[in-house]
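S.K.: Dropping the structure in here first, questions after.
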Amino acid sequence: MKRFFASLLLAVAVLLAAVAISLFIDAARGTDVSSSIGGAGMCVAFALLAGINALRLFRPSASKRPSLSLDEEERLALGCAASLGGKLTEVELSLAVVMSLDRARRTLESLAKHGIAEIEVSSSGALVYGFPGLISTEEKMAAKPVEDA
């Protein structure tokens with residue numbers, strides 16, 4: 001349907017351009033100069049509007065990522081943290097999951113608020129979110145029964 005309207009607008013633009021050329025030719029011949037120039041100017045303006053809108057409709061729309069729920073973003077953050085050794089910054093999450101820094105910050109703050117992440121500060125002052133539930137395979141293999149701990 002979008003292509004149909006784009007084609008229709010393009011046809012209107014071409015038709016208006018042809019009418020404008022015809023009116024300019026009439027003005028050049030001296031036939032009713034003022035109304036020919038005014039009409040041609042209007043035709044050119046509308047032809048440009050129709051042509052620009054037709055091109056906008058023909059252009060493929062940018063595929064926007066569907067909005068993720070906070071739960072989905074938190075799962076993505078956990079996966080990212082797991083792949084990065086259990087520690088994650090807002091910038092790393094933003095780059096890995098392709099989300100805004102603000103959204104990455106809110107996601108990590110939500111995980112910290114729920115006790116899933118711990119907020120740490122690096123020597124440069126950057127916030128680092130640590131995930132104590134994410135441990136290495138060696139640490140998992142060395143785990144002992146609760147009674148022995």
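Residues are referred to by chain and number: the chain letter is A, B, ... according to the order shown in the structure tokens, the number counts from 1 in that chain, and ligands are numbered separately from 1 in the order shown.
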Apply DSSP to the backbone of this structure and, from chain A, keep only the residues in strand (DSSP E); write these as a list in words.

M.R.: Lys87, Leu88, Glu118, Ile119, Glu120, Val121, Leu127, Val128, Tyr129 and Gly130 of chain A

S.K.: Can you list, as a ChimeraX atom specification, all residues belonging to region 5-90 of chain A that DSSP tags as helix (DSSP H, G or I)?

M.R.: /A:5-29,33-58,70-83,90

S.K.: Got a sec: who's within 9 Å of region 134-143 of chain A, counting only C-alpha atoms, leaving out chain neighbours fewer than 5 positions off, as a ChimeraX atom specification?

M.R.: /A:78,81-82,85-87

S.K.: Would you write out those residues with N, CA and C atoms, as a tab-separated table (two decimals), in the first residue's frame?

M.R.:
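selection20.tsv, written as the output of this step:
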chain	number	residue	atom	x	y	z
A	78	LEU	N	22.54	-9.68	32.35
A	78	LEU	CA	23.15	-10.83	33.04
A	78	LEU	C	24.00	-11.65	32.08
A	81	ALA	N	27.17	-9.73	31.46
A	81	ALA	CA	28.04	-9.80	32.63
A	81	ALA	C	28.72	-11.17	32.70
A	82	ALA	N	27.98	-12.22	32.39
A	82	ALA	CA	28.54	-13.58	32.42
A	82	ALA	C	29.67	-13.70	31.41
A	85	GLY	N	33.06	-11.91	32.68
A	85	GLY	CA	33.68	-12.29	33.94
A	85	GLY	C	32.94	-11.85	35.19
A	86	GLY	N	31.67	-11.50	35.08
A	86	GLY	CA	30.88	-11.18	36.27
A	86	GLY	C	30.89	-9.73	36.67
A	87	LYS	N	31.55	-8.86	35.90
A	87	LYS	CA	31.57	-7.42	36.19
A	87	LYS	C	31.25	-6.68	34.91

S.K.: Residues within 8 Å of Ala77 (chain A), please, as a list in words. Count only C-alpha atoms; anything in the same chain fewer than 5 positions from it doesn't count.

M.R.: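 Contacts, in chain order: Leu93, Val97, Thr107 and Leu108 of chain A.
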
S.K.: With distances taken over only C-alpha atoms, which of A:Val19, A:Val121, A:Leu111, A:Leu10 is nearest to Asn53 (chain A)?

M.R.: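 So, comparing all the options, the nearest one is A:Leu10.
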
S.K.: List the neighbours of region 68-76 of chain A out to 12 Å using only C-alpha atoms; skip same-chain residues closer than 6 positions along the sequence, and give me the result as a list in words.

M.R.: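 Using only C-alpha atoms, the neighbours found are Ala82, Ser83, Leu88, Glu92, Leu93, Ser94, Leu95, Ala96, Val97, Val98, Met99, Ser100, Arg103, Ala104, Arg105, Arg106, Thr107, Leu108, Glu109, Ser110, Leu111, Ala112, His114, Ile116 and Ala117 of chain A.
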
S.K.: Could those residues be written to a file, using C-alpha atoms, as an mmCIF file, in the first residue's frame?

M.R.:
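Contents of part-v3.cif, as written:
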data_model
loop_
_atom_site.group_PDB
_atom_site.id
_atom_site.type_symbol
_atom_site.label_atom_id
_atom_site.label_comp_id
_atom_site.auth_asym_id
_atom_site.auth_seq_id
_atom_site.Cartn_x
_atom_site.Cartn_y
_atom_site.Cartn_z
ATOM 1 C CA ALA A 82 28.539 -13.576 32.422
ATOM 2 C CA SER A 83 30.544 -13.194 29.222
ATOM 3 C CA LEU A 88 29.974 -4.891 33.909
ATOM 4 C CA GLU A 92 29.851 -2.118 28.178
ATOM 5 C CA LEU A 93 26.167 -3.017 28.486
ATOM 6 C CA SER A 94 25.162 -0.187 26.159
ATOM 7 C CA LEU A 95 27.624 -1.360 23.507
ATOM 8 C CA ALA A 96 26.939 -5.076 23.869
ATOM 9 C CA VAL A 97 23.159 -4.886 23.815
ATOM 10 C CA VAL A 98 22.818 -1.739 21.646
ATOM 11 C CA MET A 99 20.803 0.372 24.031
ATOM 12 C CA SER A 100 21.148 3.938 25.238
ATOM 13 C CA ARG A 103 18.616 2.671 29.540
ATOM 14 C CA ALA A 104 21.722 0.642 30.449
ATOM 15 C CA ARG A 105 22.097 2.661 33.661
ATOM 16 C CA ARG A 106 18.451 2.082 34.629
ATOM 17 C CA THR A 107 18.727 -1.642 33.897
ATOM 18 C CA LEU A 108 21.848 -2.039 36.033
ATOM 19 C CA GLU A 109 20.377 0.093 38.823
ATOM 20 C CA SER A 110 17.295 -2.127 38.816
ATOM 21 C CA LEU A 111 19.474 -5.225 39.163
ATOM 22 C CA ALA A 112 21.357 -3.567 42.041
ATOM 23 C CA HIS A 114 16.906 -6.135 43.644
ATOM 24 C CA ILE A 116 21.310 -9.157 41.999
ATOM 25 C CA ALA A 117 24.194 -6.771 41.345
#

S.K.: Could you state the separation of CA of Ala20 (chain A) and CA of Cys43 (chain A) in Å, given to one decimal place?

M.R.: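 Between these atoms lies a distance of 5.3 Å.
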
S.K.: Name the residues in contact with Leu48 (chain A) at a cut-off of 10 Å, using only C-alpha atoms, excluding same-chain residues fewer than 2 positions from it; report them as a short mmCIF file (atom, residue, chain, number, x, y, z; two decimals) with N, CA and C atoms, in the first residue's frame.

M.R.:
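Result file is out16.cif:
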data_model
loop_
_atom_site.label_atom_id
_atom_site.label_comp_id
_atom_site.auth_asym_id
_atom_site.auth_seq_id
_atom_site.Cartn_x
_atom_site.Cartn_y
_atom_site.Cartn_z
N LEU A 10 4.43 10.23 -6.99
CA LEU A 10 5.44 10.45 -8.02
C LEU A 10 4.79 10.82 -9.35
N ALA A 13 3.67 14.36 -9.12
CA ALA A 13 4.82 15.26 -9.22
C ALA A 13 5.25 15.44 -10.67
N VAL A 14 5.30 14.35 -11.43
CA VAL A 14 5.68 14.43 -12.85
C VAL A 14 4.65 15.23 -13.64
N LEU A 16 2.59 17.56 -12.48
CA LEU A 16 2.70 18.97 -12.10
C LEU A 16 3.93 19.62 -12.73
N ALA A 17 5.02 18.89 -12.82
CA ALA A 17 6.22 19.43 -13.46
C ALA A 17 5.95 19.70 -14.94
N MET A 42 3.37 27.75 -8.67
CA MET A 42 2.56 26.89 -7.79
C MET A 42 2.74 25.41 -8.18
N CYS A 43 2.75 25.14 -9.46
CA CYS A 43 2.93 23.76 -9.92
C CYS A 43 4.29 23.21 -9.51
N VAL A 44 5.33 24.05 -9.62
CA VAL A 44 6.67 23.61 -9.22
C VAL A 44 6.68 23.31 -7.73
N ALA A 45 6.08 24.19 -6.93
CA ALA A 45 6.06 23.99 -5.48
C ALA A 45 5.36 22.68 -5.12
N PHE A 46 4.19 22.45 -5.69
CA PHE A 46 3.46 21.23 -5.38
C PHE A 46 4.15 19.99 -5.95
N ALA A 50 5.19 16.85 -3.66
CA ALA A 50 4.77 15.48 -3.99
C ALA A 50 5.97 14.58 -4.23
N GLY A 51 6.99 15.10 -4.92
CA GLY A 51 8.18 14.30 -5.20
C GLY A 51 8.95 13.94 -3.95
N ILE A 52 9.12 14.90 -3.06
CA ILE A 52 9.85 14.64 -1.81
C ILE A 52 9.11 13.60 -0.98
N ASN A 53 7.80 13.74 -0.86
CA ASN A 53 7.03 12.76 -0.08
C ASN A 53 7.02 11.39 -0.74
N ALA A 54 7.03 11.36 -2.06
CA ALA A 54 7.10 10.07 -2.75
C ALA A 54 8.44 9.38 -2.45
#

S.K.: For a test of reading the model, state the distance in Å between CA of Ala6 (chain A) and CA of Ala18 (chain A), rounded to one decimal.

M.R.: 18.5 Å
